[in-house]
file query.tsv (TSV, C-alpha atoms)
chain	number	residue	atom	x	y	z
D	163	MET	CA	145.40	182.19	113.31
D	164	ASN	CA	142.31	180.12	112.45
D	165	PRO	CA	141.38	177.21	114.69
D	166	ASN	CA	142.53	173.85	113.48
D	167	TYR	CA	139.39	172.20	112.16
D	168	PHE	CA	136.72	173.21	109.70
D	169	LEU	CA	133.24	171.71	109.88
D	170	LEU	CA	130.05	172.20	107.98
D	171	TYR	CA	127.01	173.26	109.95
D	172	ALA	CA	124.99	170.17	110.83
D	173	HIS	CA	122.11	171.13	108.53
D	174	ASN	CA	124.44	171.25	105.51
D	175	ILE	CA	124.89	167.71	104.25
D	176	PRO	CA	126.92	166.71	101.18
D	177	VAL	CA	125.56	163.93	98.99
D	178	ARG	CA	127.63	162.18	96.37
D	179	GLY	CA	126.25	161.31	92.95
D	180	LYS	CA	127.91	159.46	90.13
D	181	GLU	CA	129.29	162.51	88.34
D	182	ARG	CA	128.96	165.31	90.81
D	183	ALA	CA	127.77	166.08	94.31
D	184	ALA	CA	125.25	168.33	96.00
D	185	LEU	CA	125.22	170.17	99.28
D	186	TYR	CA	121.81	170.06	100.91
D	187	ASN	CA	121.01	173.03	103.12
D	188	LEU	CA	118.16	171.46	105.07
D	189	GLN	CA	117.54	174.61	107.09
D	190	ALA	CA	117.30	177.09	104.23
D	191	GLY	CA	115.71	174.53	101.92
D	192	HIS	CA	118.03	174.76	98.93
D	193	ILE	CA	120.79	172.83	97.23
D	194	LEU	CA	124.23	173.79	96.01
D	195	CYS	CA	125.84	171.64	93.34
D	196	ILE	CA	129.48	170.99	94.09
D	197	PRO	CA	132.28	168.89	92.56
D	198	LEU	CA	132.92	165.45	93.97
D	199	VAL	CA	136.37	166.41	95.22
D	200	LEU	CA	134.80	168.96	97.58
D	201	THR	CA	132.88	166.19	99.35
D	202	ASP	CA	136.19	164.38	99.83
D	203	LEU	CA	137.63	167.51	101.40
D	204	ILE	CA	134.62	167.95	103.65
D	205	GLU	CA	134.79	164.35	104.81
D	206	ALA	CA	138.50	164.57	105.50
D	207	MET	CA	138.14	167.81	107.45
D	208	ARG	CA	135.68	166.17	109.85
D	209	THR	CA	138.49	164.28	111.53
D	210	ALA	CA	141.73	165.92	110.43
D	211	PRO	CA	143.02	169.47	110.88
D	212	VAL	CA	142.70	171.83	107.97
D	213	GLU	CA	146.45	172.00	107.47
D	214	THR	CA	146.75	168.22	107.28
D	215	VAL	CA	144.01	168.03	104.70
D	216	ARG	CA	145.62	170.84	102.70
D	217	GLN	CA	148.90	168.93	102.57
D	218	GLN	CA	147.11	165.73	101.64
D	219	PHE	CA	144.94	167.06	98.82
D	220	ALA	CA	146.89	169.99	97.40
D	221	PRO	CA	150.54	169.81	98.46
D	222	THR	CA	151.68	171.83	95.45
D	223	ARG	CA	148.54	173.95	94.92
D	224	PRO	CA	147.48	175.25	98.34
D	225	GLU	CA	145.70	178.16	96.69
D	226	LEU	CA	143.28	175.69	95.11
D	227	PHE	CA	142.45	174.22	98.47
D	228	ASP	CA	142.00	177.69	99.92
D	229	ALA	CA	139.63	178.55	97.10
D	230	TYR	CA	137.39	175.64	98.06
D	231	LEU	CA	137.54	176.63	101.69
D	232	ASN	CA	136.71	180.23	100.87
D	233	PHE	CA	133.74	179.00	98.85
D	234	LEU	CA	132.38	177.21	101.91
D	235	LEU	CA	132.97	180.24	104.12
D	236	ARG	CA	131.55	182.73	101.63
D	237	ASN	CA	128.33	180.75	101.41
D	238	ASP	CA	128.14	180.45	105.20
D	239	LEU	CA	128.26	176.69	105.03
D	240	GLY	CA	130.76	175.96	107.79
D	241	PHE	CA	132.91	177.26	110.58
D	242	TYR	CA	136.30	176.85	112.19
D	243	THR	CA	136.65	175.12	115.55
D	244	ASP	CA	139.26	173.58	117.80
D	245	GLU	CA	136.83	171.01	119.17
D	246	PRO	CA	135.19	169.10	116.33
D	247	THR	CA	133.90	166.41	118.68
D	248	LEU	CA	131.54	168.93	120.24
D	249	PHE	CA	129.68	169.24	116.92
D	250	PRO	CA	128.22	165.84	115.98
D	251	PRO	CA	126.54	165.35	112.62
D	252	LEU	CA	122.77	165.58	112.29
D	253	SER	CA	120.98	162.36	113.17
D	254	LEU	CA	119.43	160.86	110.05
D	255	GLN	CA	117.02	158.62	111.89
D	256	TRP	CA	113.40	158.88	110.76
D	257	ASP	CA	110.40	157.45	112.50
D	258	THR	CA	106.80	158.35	113.12
D	259	PRO	CA	104.12	156.93	115.38
D	260	HIS	CA	101.60	157.07	112.52
D	261	HIS	CA	101.00	153.67	110.96
D	262	ILE	CA	99.62	155.55	108.01
D	263	GLN	CA	100.81	159.08	107.38
D	264	THR	CA	98.77	160.09	104.35
D	265	ALA	CA	95.56	158.81	102.84
D	266	VAL	CA	93.91	159.74	99.57
D	267	LEU	CA	90.21	159.04	99.15
D	268	ASP	CA	88.64	159.18	95.71
D	269	LEU	CA	84.97	159.70	96.45
D	270	ASP	CA	81.65	159.64	94.70
D	271	PHE	CA	79.56	158.97	97.82
D	272	ASP	CA	78.13	155.93	96.09
D	273	GLN	CA	80.49	152.99	96.16
D	274	TYR	CA	81.59	152.97	99.79
D	275	ASP	CA	80.88	154.71	103.05
D	276	PRO	CA	83.62	157.30	103.61
D	277	VAL	CA	82.85	157.62	107.32
D	278	ALA	CA	83.58	153.94	107.86
D	279	VAL	CA	86.90	154.45	106.10
D	280	LEU	CA	87.64	157.44	108.31
D	281	ASP	CA	87.06	155.29	111.40
D	282	GLN	CA	89.71	152.86	110.21
D	283	LEU	CA	92.15	155.60	109.19
D	284	ASP	CA	91.76	157.23	112.57
D	285	GLY	CA	92.63	153.91	114.18
D	286	LEU	CA	95.84	153.89	112.15
D	287	GLN	CA	96.70	157.40	113.43
D	288	CYS	CA	96.49	158.76	109.93
D	289	ARG	CA	97.93	162.26	109.85
D	290	HIS	CA	96.75	163.81	106.59
D	291	VAL	CA	93.80	163.03	104.38
D	292	GLU	CA	93.12	164.22	100.87
D	293	TYR	CA	89.59	163.99	99.51
D	294	ARG	CA	89.11	163.96	95.76
D	295	LEU	CA	85.50	164.30	94.83
D	296	GLN	CA	84.42	162.89	91.53
D	297	THR	CA	83.30	165.42	89.00
D	298	GLY	CA	79.60	166.11	89.31
D	299	ARG	CA	79.14	163.63	92.12
D	300	GLY	CA	78.23	164.36	95.70
D	301	THR	CA	76.05	167.08	97.05
D	302	ALA	CA	76.94	169.97	99.26
D	303	ARG	CA	75.03	168.32	102.11
D	304	GLN	CA	77.03	165.12	101.77
D	305	LEU	CA	80.26	167.07	101.79
D	306	GLU	CA	79.23	169.03	104.87
D	307	ALA	CA	78.38	165.79	106.64
D	308	LEU	CA	81.74	164.33	105.67
D	309	MET	CA	83.61	167.35	107.03
D	310	GLU	CA	81.56	167.11	110.21
D	311	ALA	CA	82.71	163.49	110.49
D	312	ASN	CA	86.31	164.68	110.50
D	313	GLN	CA	85.85	166.61	113.71
D	314	GLY	CA	87.44	165.09	116.77
D	315	ARG	CA	89.64	162.76	114.79
D	316	GLY	CA	93.42	162.63	114.99
D	317	PHE	CA	93.99	164.01	111.49
D	318	ARG	CA	96.32	167.00	111.50
D	319	SER	CA	95.02	168.34	108.24
D	320	VAL	CA	92.58	167.62	105.47
D	321	SER	CA	92.58	168.87	101.91
D	322	LEU	CA	89.71	168.94	99.48
D	323	LEU	CA	89.65	168.84	95.71
D	324	ILE	CA	86.06	169.49	94.74
D	325	ASP	CA	84.24	170.13	91.55
D	326	TYR	CA	82.50	173.48	91.31
D	327	GLN	CA	79.31	171.65	90.43
D	328	THR	CA	79.15	170.35	93.99
D	329	ALA	CA	78.72	173.92	95.15
D	330	LEU	CA	76.01	174.69	92.61
D	331	GLY	CA	72.78	175.81	94.21
D	332	GLN	CA	74.58	176.99	97.28
D	333	PRO	CA	75.20	180.59	98.23
D	334	PRO	CA	78.57	181.81	96.92
D	335	GLN	CA	79.92	181.92	100.45
D	336	TRP	CA	79.29	178.20	100.94
D	337	VAL	CA	82.86	177.28	100.11
D	338	HIS	CA	84.44	179.52	102.67
D	339	ARG	CA	81.74	178.66	105.23
D	340	LEU	CA	82.66	175.02	104.78
D	341	TYR	CA	86.30	175.92	105.29
D	342	GLU	CA	85.57	177.87	108.46
D	343	ALA	CA	83.26	175.19	109.85
D	344	CYS	CA	85.95	172.51	109.66
D	345	PRO	CA	89.22	173.74	111.14
D	346	LYS	CA	91.01	170.62	109.99
D	347	ILE	CA	90.77	171.80	106.38
D	348	GLU	CA	94.13	173.13	105.35
D	349	PHE	CA	93.51	173.62	101.66
D	350	MET	CA	90.58	173.57	99.26
D	351	LEU	CA	90.88	173.56	95.51
D	352	VAL	CA	87.69	174.08	93.53
D	353	TYR	CA	88.11	173.04	89.92
D	354	ASN	CA	85.90	173.48	86.86
D	355	ALA	CA	85.07	176.89	88.27
D	356	PRO	CA	83.90	179.73	86.01
D	357	TYR	CA	86.78	181.86	87.31
D	358	ALA	CA	90.32	181.38	88.54
D	359	GLY	CA	91.86	183.04	91.53
D	360	LYS	CA	92.40	183.01	95.22
D	361	SER	CA	89.60	183.47	97.72
D	362	ARG	CA	89.43	187.00	99.06
D	363	THR	CA	88.92	185.86	102.63
D	364	HIS	CA	91.35	182.94	102.71
D	365	PRO	CA	93.74	183.41	99.80
D	366	ALA	CA	96.30	180.83	100.92
D	367	HIS	CA	93.75	178.13	101.67
D	368	ILE	CA	90.92	178.33	99.14
D	369	GLN	CA	91.68	178.59	95.46
D	370	PHE	CA	89.69	178.23	92.27
D	371	ILE	CA	90.82	177.05	88.88
D	372	GLN	CA	88.95	176.75	85.61
D	373	ASP	CA	90.59	173.53	84.46
D	374	ASP	CA	89.43	170.00	85.11
D	375	ILE	CA	92.32	168.55	87.05
D	376	ARG	CA	91.09	165.02	86.39
D	377	SER	CA	91.98	165.31	82.74
D	378	ALA	CA	95.24	165.71	80.87
D	379	SER	CA	96.58	168.48	83.06
D	380	TYR	CA	97.80	165.97	85.57
D	381	ARG	CA	99.85	164.13	82.93
D	382	ALA	CA	101.49	167.40	81.97
D	383	SER	CA	102.33	168.18	85.57
D	384	ALA	CA	103.72	164.69	86.16
D	385	THR	CA	106.86	165.48	84.18
D	386	ARG	CA	107.78	168.52	86.23
D	387	ARG	CA	110.78	168.24	88.47
D	388	ARG	CA	110.11	169.02	92.11
D	389	HIS	CA	112.72	169.28	94.80
D	390	ILE	CA	111.83	169.05	98.45
D	391	VAL	CA	114.67	170.05	100.72
D	392	ASN	CA	113.95	169.70	104.41
D	393	VAL	CA	115.00	167.53	107.30
D	394	GLY	CA	111.88	165.37	107.27
D	395	TYR	CA	112.06	164.48	103.58
D	396	PHE	CA	115.83	163.96	103.63
D	397	THR	CA	115.85	161.64	106.61
D	398	GLU	CA	112.85	159.67	105.37
D	399	ALA	CA	114.52	159.20	101.99
D	400	GLN	CA	117.51	157.53	103.64
D	401	GLN	CA	115.45	154.42	104.38
D	402	PHE	CA	112.10	154.71	102.64
D	403	ASN	CA	110.46	155.93	99.49
D	404	PRO	CA	109.08	159.32	100.58
D	405	TYR	CA	106.16	159.11	98.15
D	406	TYR	CA	104.91	155.60	98.94
D	407	ASN	CA	105.93	155.30	102.57
D	408	ARG	CA	102.97	154.99	104.95
D	409	ARG	CA	100.49	155.97	102.29
D	410	VAL	CA	97.20	154.33	101.43
D	411	CYS	CA	94.85	155.28	98.62
D	412	ILE	CA	91.21	154.31	98.25
D	413	SER	CA	89.88	154.42	94.72
D	414	GLN	CA	86.38	155.40	93.69
D	415	ALA	CA	85.40	151.72	93.69
D	416	GLY	CA	86.80	151.20	97.17
D	417	GLU	CA	90.00	149.46	96.11
D	418	ILE	CA	92.97	149.79	98.44
D	419	LYS	CA	96.11	150.78	96.57
D	420	ASN	CA	99.58	152.23	96.98
D	421	CYS	CA	98.70	154.93	94.49
D	422	LEU	CA	95.54	155.75	92.57
D	423	GLN	CA	97.55	155.73	89.34
D	424	HIS	CA	98.36	152.05	89.80
D	425	ARG	CA	96.18	149.25	88.48
D	426	ARG	CA	97.16	146.82	91.21
D	427	SER	CA	94.92	146.77	94.25
D	428	PHE	CA	95.41	144.86	97.49
D	429	GLY	CA	91.83	144.56	98.60
D	430	SER	CA	88.65	146.52	98.98
D	431	VAL	CA	87.22	148.58	101.82
D	432	LEU	CA	83.94	146.80	101.10
D	433	THR	CA	85.36	143.44	102.19
D	434	ASP	CA	88.69	144.03	103.95
D	435	ARG	CA	89.97	146.06	106.84
D	436	ILE	CA	92.52	148.71	105.92
D	437	ASP	CA	94.83	147.85	108.83
D	438	ALA	CA	95.00	144.23	107.69
D	439	VAL	CA	95.87	145.24	104.13
D	440	VAL	CA	98.51	147.85	104.97
D	441	SER	CA	100.35	145.49	107.30
D	442	ARG	CA	100.95	142.97	104.50
D	443	ALA	CA	104.48	142.70	103.13
D	444	ASP	CA	103.38	143.03	99.51
D	445	PHE	CA	101.56	146.27	100.24
D	446	ARG	CA	104.62	147.62	102.05
D	447	GLU	CA	107.05	146.58	99.34
D	448	LEU	CA	107.13	150.00	97.73
D	449	TRP	CA	107.51	151.72	101.09
D	450	LEU	CA	111.05	150.33	101.21
D	451	ALA	CA	111.96	151.46	97.68
D	452	SER	CA	114.26	154.18	98.95
D	453	PRO	CA	116.14	156.32	96.39
D	454	ASP	CA	119.29	154.24	97.00
D	455	ARG	CA	117.42	151.17	95.75
D	456	VAL	CA	115.99	152.66	92.56
D	457	ALA	CA	118.03	152.12	89.41
D	458	GLY	CA	118.90	155.39	87.74
D	459	LEU	CA	117.88	157.46	90.73
D	460	ARG	CA	120.56	156.02	92.99
D	461	ASP	CA	123.28	157.68	90.88
D	462	SER	CA	121.81	161.14	91.18
D	463	GLU	CA	123.12	163.55	93.77
D	464	LEU	CA	119.56	164.90	94.01
D	465	ARG	CA	118.02	161.56	94.91
D	466	TYR	CA	117.13	162.64	98.46
D	467	CYS	CA	115.13	165.65	97.33
D	468	LEU	CA	113.49	164.64	94.04
D	469	PHE	CA	109.77	164.06	94.39
D	470	MET	CA	109.03	161.00	92.27
D	471	PRO	CA	105.36	159.95	92.41
D	472	HIS	CA	105.84	157.45	89.61
D	473	GLU	CA	105.22	153.77	89.31
D	474	LEU	CA	108.05	151.48	90.35
D	475	VAL	CA	108.70	147.90	89.33
D	476	ALA	CA	110.65	145.51	91.52
D	477	ASP	CA	113.55	143.56	90.02
D	478	PRO	CA	113.83	140.39	92.12
D	479	GLU	CA	117.25	139.51	90.68
D	480	THR	CA	119.03	142.63	91.81
D	481	GLY	CA	116.77	143.54	94.71
D	482	LEU	CA	116.44	146.99	93.20
D	483	PHE	CA	113.49	148.86	91.75
D	484	ARG	CA	113.23	150.64	88.45
D	485	PHE	CA	110.90	152.95	86.61
D	486	PRO	CA	109.14	151.38	83.62
D	487	ALA	CA	110.61	152.44	80.30
D	488	SER	CA	107.52	154.46	79.40
D	489	SER	CA	107.43	156.27	82.73
D	490	PRO	CA	107.78	160.07	82.68
D	491	ALA	CA	110.23	159.59	85.56
D	492	CYS	CA	112.87	158.55	83.02
D	493	GLN	CA	112.80	162.06	81.57
D	494	LEU	CA	113.34	163.55	85.01
D	495	LEU	CA	116.47	161.48	85.51
D	496	VAL	CA	118.20	162.78	82.38
O	68	MET	CA	111.02	185.00	112.48
O	69	HIS	CA	111.55	188.33	110.73
O	70	VAL	CA	113.65	190.87	112.62
O	71	LEU	CA	112.55	194.45	111.96
O	72	ASP	CA	115.23	196.30	113.82
O	73	VAL	CA	116.95	196.75	117.16
O	74	SER	CA	115.33	199.52	119.15
O	75	THR	CA	113.69	200.29	122.47
O	76	LEU	CA	110.19	200.82	123.80
O	77	PHE	CA	111.15	202.92	126.74
O	78	GLU	CA	111.56	206.65	127.35
O	79	PRO	CA	115.06	208.02	127.99
O	80	GLU	CA	114.22	208.82	131.60
O	81	LEU	CA	113.33	205.19	132.26
O	82	LEU	CA	116.24	203.86	130.25
O	83	ASP	CA	118.63	205.68	132.58
O	84	ARG	CA	117.41	203.46	135.38
O	85	LEU	CA	117.28	200.22	133.41
O	86	PRO	CA	120.12	197.85	132.44
O	87	ILE	CA	121.75	198.73	129.16
O	88	ASN	CA	120.16	195.70	127.45
O	89	TYR	CA	116.82	197.49	127.35
O	90	ARG	CA	118.26	200.01	124.88
O	91	TYR	CA	118.88	197.26	122.37
O	92	MET	CA	115.75	195.20	122.08
O	93	THR	CA	115.15	193.09	119.01
O	94	ARG	CA	111.88	194.01	117.34
O	95	LEU	CA	110.17	191.15	115.49
O	96	GLU	CA	107.33	191.15	113.01
O	97	THR	CA	104.46	189.64	114.99
O	98	SER	CA	103.03	187.55	112.18
O	99	THR	CA	106.35	185.75	111.84
O	100	PHE	CA	106.66	184.96	115.54
O	101	GLY	CA	105.56	181.35	115.55
O	102	GLU	CA	104.74	181.12	119.23
O	103	HIS	CA	101.84	183.55	118.77
O	104	PHE	CA	100.19	181.08	116.36
O	105	ILE	CA	98.86	183.90	114.24
O	106	GLY	CA	96.85	182.53	111.35
O	107	GLN	CA	96.96	179.03	112.77
O	108	ARG	CA	93.79	177.02	113.09
O	109	PHE	CA	93.00	174.59	115.86
O	110	SER	CA	90.60	171.68	115.85
O	111	THR	CA	89.86	168.92	118.33
O	112	SER	CA	91.13	165.40	118.69
O	113	THR	CA	89.44	162.86	120.91
O	114	ALA	CA	92.37	160.47	120.84
O	115	HIS	CA	94.74	163.20	121.96
O	116	TYR	CA	92.29	164.63	124.53
O	117	SER	CA	92.89	167.97	122.89
O	118	ARG	CA	90.71	170.95	122.12
O	119	ASP	CA	93.66	172.86	120.69
O	120	PHE	CA	94.88	170.42	118.10
O	121	ILE	CA	96.87	172.54	115.68
O	122	THR	CA	96.14	172.14	111.98
O	123	GLN	CA	99.45	171.48	110.35
O	124	GLY	CA	100.58	170.53	106.89
O	125	LEU	CA	103.08	167.87	105.98
O	126	TYR	CA	106.71	168.39	104.97
O	127	LYS	CA	106.02	166.79	101.59
O	128	PRO	CA	103.09	166.77	99.15
O	129	VAL	CA	100.16	164.71	100.40
O	130	SER	CA	99.64	163.06	97.04
O	131	ASP	CA	100.88	162.95	93.45
O	132	TRP	CA	98.64	165.95	92.72
O	133	VAL	CA	100.80	168.80	93.89
O	134	TYR	CA	98.47	171.76	94.14
O	135	PRO	CA	100.89	174.51	93.01
O	136	ASP	CA	101.14	172.67	89.68
O	137	PHE	CA	97.49	173.37	88.99
O	138	LEU	CA	97.62	177.02	89.84
O	139	PRO	CA	98.65	179.36	87.00
O	140	PRO	CA	101.32	181.70	88.28
O	141	PRO	CA	100.83	184.23	89.63
O	142	LEU	CA	97.39	183.45	90.94
O	143	ALA	CA	95.62	186.73	91.30
O	144	PRO	CA	92.68	187.50	93.54
O	145	LEU	CA	89.28	186.70	92.11
O	146	PRO	CA	88.01	189.05	89.40
O	147	ASP	CA	85.67	191.81	90.50
O	148	ASP	CA	82.58	190.17	89.00
O	149	ALA	CA	83.17	186.94	90.92
O	150	PRO	CA	80.95	186.24	93.92
O	151	ASP	CA	82.07	187.56	97.26
O	152	ILE	CA	83.80	184.48	98.64

call {"tool": "encode", "arguments": {"input": "query.tsv", "output": "structure tokens"}}
result
Amino acid sequence: MNPNYFLLYAHNIPVRGKERAALYNLQAGHILCIPLVLTDLIEAMRTAPVETVRQQFAPTRPELFDAYLNFLLRNDLGFYTDEPTLFPPLSLQWDTPHHIQTAVLDLDFDQYDPVAVLDQLDGLQCRHVEYRLQTGRGTARQLEALMEANQGRGFRSVSLLIDYQTALGQPPQWVHRLYEACPKIEFMLVYNAPYAGKSRTHPAHIQFIQDDIRSASYRASATRRRHIVNVGYFTEAQQFNPYYNRRVCISQAGEIKNCLQHRRSFGSVLTDRIDAVVSRADFRELWLASPDRVAGLRDSELRYCLFMPHELVADPETGLFRFPASSPACQLLV
Amino acid sequence: MHVLDVSTLFEPELLDRLPINYRYMTRLETSTFGEHFIGQRFSTSTAHYSRDFITQGLYKPVSDWVYPDFLPPPLAPLPDDAPDI
């Protein structure tokens, strides 16, 4: 005879939407769409024996209840136990010691001193930095000096998006020498290259494309649906907007923004300190735009895994946020 | 961690003198054994007083430019006439 209770494994978390539900497998990194009634069963079985729940939900159709249970067992989503209290749910708390987690620097080596910005980002315990070099701007020497300036800092990883023209005049191996000289570089993408493909020496970390990613290709990619299913993203999405949270972007002109796509800026690295700007409430407003506070998105069962790097507008009357009508995000929510 | 099979390293003569567990040893693919840090890179961090500061990506895209979107699938190795990089 089976033990009395049935529980999901802690990494399998059901999420209710307006019309259906989804089961997030945070360990395997995938999602199973399920009917809403199954989430009711799962919730009930957390505290009541299986037999009690069967009588409650399907007194006249026990085979229907068993079919749902067999579905959960067949997909290895749960287990039987006599001691449900020994298996607490996964903690959904999210926190990080990094005042800023990600920074994006749009560089042309002309408008502002990137090393001075790095000093400030390091003081904020920034974890990841992305450098976007303007097309045709910056020399190989300047880039080497910038990567040298990353050494010894607290950044976990750095990624580079550089124009092939920056490498012109250098030996062909310059790109992978730069990668090997700076161990903080996790990924390099060289665009406007005469060829496309992965590097032979570091195929997962250095890649070349022939397109100019600063042009329309980004707009095309903006409408693609992306799902990120892991513990970090899920728990962060409970309270914060995973895209905007603890992010700062520095535009080519040195403006401090939530996102380089936005027009609104909160200051300039030429006149303001980054730590003063990012601690302001208006700068942090979008950090708190969690999926549960975004109109349209809050009804989706996939709200805790959808990657939505789109502009948000605050609605002071409702306290919610919404995507502008012209935003490509509206297509993703259909 | 990728399990290859369950086997043993030892000769039958030695196995006779060893506990039975040694006949059933889990063999793992080395490159998937995280604690060996194969393929990992390490830098330095002054603030952390570390000379073995592991380079590690984030659990989400760093920016709105998600790199796989710019890479035509499948991305093949460089053509033969490309420089040796």

call {"tool": "axis_aligned_box", "arguments": {"input": "query.tsv", "around": "range 110-117 of chain O", "padding_each_side": "5 Å", "output": "JSON"}}
result
{"center_x": 92.1, "center_y": 166.1, "center_z": 120.2, "size_x": 15.3, "size_y": 21.2, "size_z": 18.7}

call {"tool": "closest_atom_pairs", "arguments": {"input": "query.tsv", "of": "chain D", "to": "chain O", "cutoff": "6 Å", "atoms": "all atoms listed in the file", "output": "CSV"}}
result
residue,atom,partner,partner_atom,distance
D:Gly314,CA,O:Ser112,CA,4.2
D:Arg315,CA,O:Ser112,CA,4.9
D:Gly316,CA,O:Ser112,CA,5.2
D:Arg318,CA,O:Thr122,CA,5.2
D:Ser319,CA,O:Thr122,CA,5.4
D:Pro334,CA,O:Pro150,CA,5.9
D:Gln335,CA,O:Ile152,CA,5.0
D:Pro345,CA,O:Ser110,CA,5.3
D:Lys346,CA,O:Thr122,CA,5.7
D:Gly359,CA,O:Leu145,CA,4.5
D:Lys360,CA,O:Pro144,CA,4.8
D:Ser361,CA,O:Ile152,CA,6.0
D:Pro471,CA,O:Asp131,CA,5.5

call {"tool": "atom_distance", "arguments": {"input": "query.tsv", "atom1": "CA of Ile436 in chain D", "atom2": "CA of Gly285 in chain D"}}
result
9.8 Å

call {"tool": "atom_distance", "arguments": {"input": "query.tsv", "atom1": "CA of His424 in chain D", "atom2": "CA of Ala487 in chain D"}}
result
15.5 Å

call {"tool": "atom_distance", "arguments": {"input": "query.tsv", "atom1": "CA of Ser489 in chain D", "atom2": "CA of Glu447 in chain D"}}
result
19.2 Å

call {"tool": "closest_residue", "arguments": {"input": "query.tsv", "among": "D:Asp281, D:Gln423, D:Pro490, D:Thr258", "to": "Arg387 in chain D", "atoms": "only C-alpha atoms"}}
result
D:Pro490

call {"tool": "residues_around", "arguments": {"input": "query.tsv", "residues": "Gly101 in chain O", "least_positions_apart": "5", "cutoff": "12 Å", "atoms": "all atoms listed in the file", "output": "ChimeraX atom specification"}}
result
/O:68-69,95-96,106-107

call {"tool": "residues_around", "arguments": {"input": "query.tsv", "residues": "Tyr89 in chain O", "least_positions_apart": "3", "cutoff": "9 Å", "atoms": "only C-alpha atoms", "output": "ChimeraX atom specification"}}
result
/O:74-77,82,85-86,92

call {"tool": "write_last_selection", "arguments": {"input": "query.tsv", "atoms": "C-alpha atoms", "output": "CSV table (one decimal), in the coordinates of the input"}}
result
chain,number,residue,atom,x,y,z
O,74,SER,CA,115.3,199.5,119.2
O,75,THR,CA,113.7,200.3,122.5
O,76,LEU,CA,110.2,200.8,123.8
O,77,PHE,CA,111.2,202.9,126.7
O,82,LEU,CA,116.2,203.9,130.2
O,85,LEU,CA,117.3,200.2,133.4
O,86,PRO,CA,120.1,197.8,132.4
O,92,MET,CA,115.8,195.2,122.1

call {"tool": "residues_around", "arguments": {"input": "query.tsv", "residues": "Tyr326 in chain D", "least_positions_apart": "4", "cutoff": "7 Å", "atoms": "all atoms listed in the file", "output": "list in words"}}
result
Leu330, Val352, Tyr353, Asn354 and Ala355 of chain D

call {"tool": "residues_around", "arguments": {"input": "query.tsv", "residues": "Met309 in chain D", "least_positions_apart": "4", "cutoff": "12 Å", "atoms": "all atoms listed in the file", "output": "number ranges by chain"}}
result
D: 276-277, 280, 291-293, 302-305, 313-315, 317, 319-322, 339-347

call {"tool": "residues_near_point", "arguments": {"input": "query.tsv", "point": "(136.2, 166.7, 118.5)", "cutoff": "12 Å", "atoms": "only C-alpha atoms", "output": "list in words"}}
result
Asn166, Tyr167, Phe168, Leu169, Met207, Arg208, Thr209, Ala210, Pro211, Tyr242, Thr243, Asp244, Glu245, Pro246, Thr247, Leu248, Phe249, Pro250 and Pro251 of chain D

call {"tool": "closest_atom_pairs", "arguments": {"input": "query.tsv", "of": "range 213-322 of chain D", "to": "range 388-396 of chain D", "cutoff": "12 Å", "atoms": "only C-alpha atoms", "output": "CSV"}}
result
residue,atom,partner,partner_atom,distance
D:Leu252,CA,D:Val393,CA,9.4
D:Ser253,CA,D:Val393,CA,9.8
D:Leu254,CA,D:Phe396,CA,8.0
D:Gln255,CA,D:Gly394,CA,9.7
D:Trp256,CA,D:Gly394,CA,7.5
D:Asp257,CA,D:Gly394,CA,9.6
D:Thr258,CA,D:Gly394,CA,10.5

call {"tool": "residues_near_point", "arguments": {"input": "query.tsv", "point": "(137.3, 165.4, 93.3)", "cutoff": "12 Å", "atoms": "all atoms listed in the file", "output": "CSV table (one decimal) with C-alpha atoms, in the coordinates of the input"}}
result
chain,number,residue,atom,x,y,z
D,178,ARG,CA,127.6,162.2,96.4
D,179,GLY,CA,126.2,161.3,93.0
D,180,LYS,CA,127.9,159.5,90.1
D,181,GLU,CA,129.3,162.5,88.3
D,182,ARG,CA,129.0,165.3,90.8
D,183,ALA,CA,127.8,166.1,94.3
D,196,ILE,CA,129.5,171.0,94.1
D,197,PRO,CA,132.3,168.9,92.6
D,198,LEU,CA,132.9,165.4,94.0
D,199,VAL,CA,136.4,166.4,95.2
D,200,LEU,CA,134.8,169.0,97.6
D,201,THR,CA,132.9,166.2,99.4
D,202,ASP,CA,136.2,164.4,99.8
D,203,LEU,CA,137.6,167.5,101.4
D,204,ILE,CA,134.6,168.0,103.6
D,205,GLU,CA,134.8,164.4,104.8
D,219,PHE,CA,144.9,167.1,98.8
D,220,ALA,CA,146.9,170.0,97.4
D,227,PHE,CA,142.4,174.2,98.5
D,230,TYR,CA,137.4,175.6,98.1

call {"tool": "closest_residue", "arguments": {"input": "query.tsv", "among": "D:Gln287, D:Val279, D:Gln189, D:Cys492", "to": "Thr433 in chain D", "atoms": "only C-alpha atoms"}}
result
D:Val279
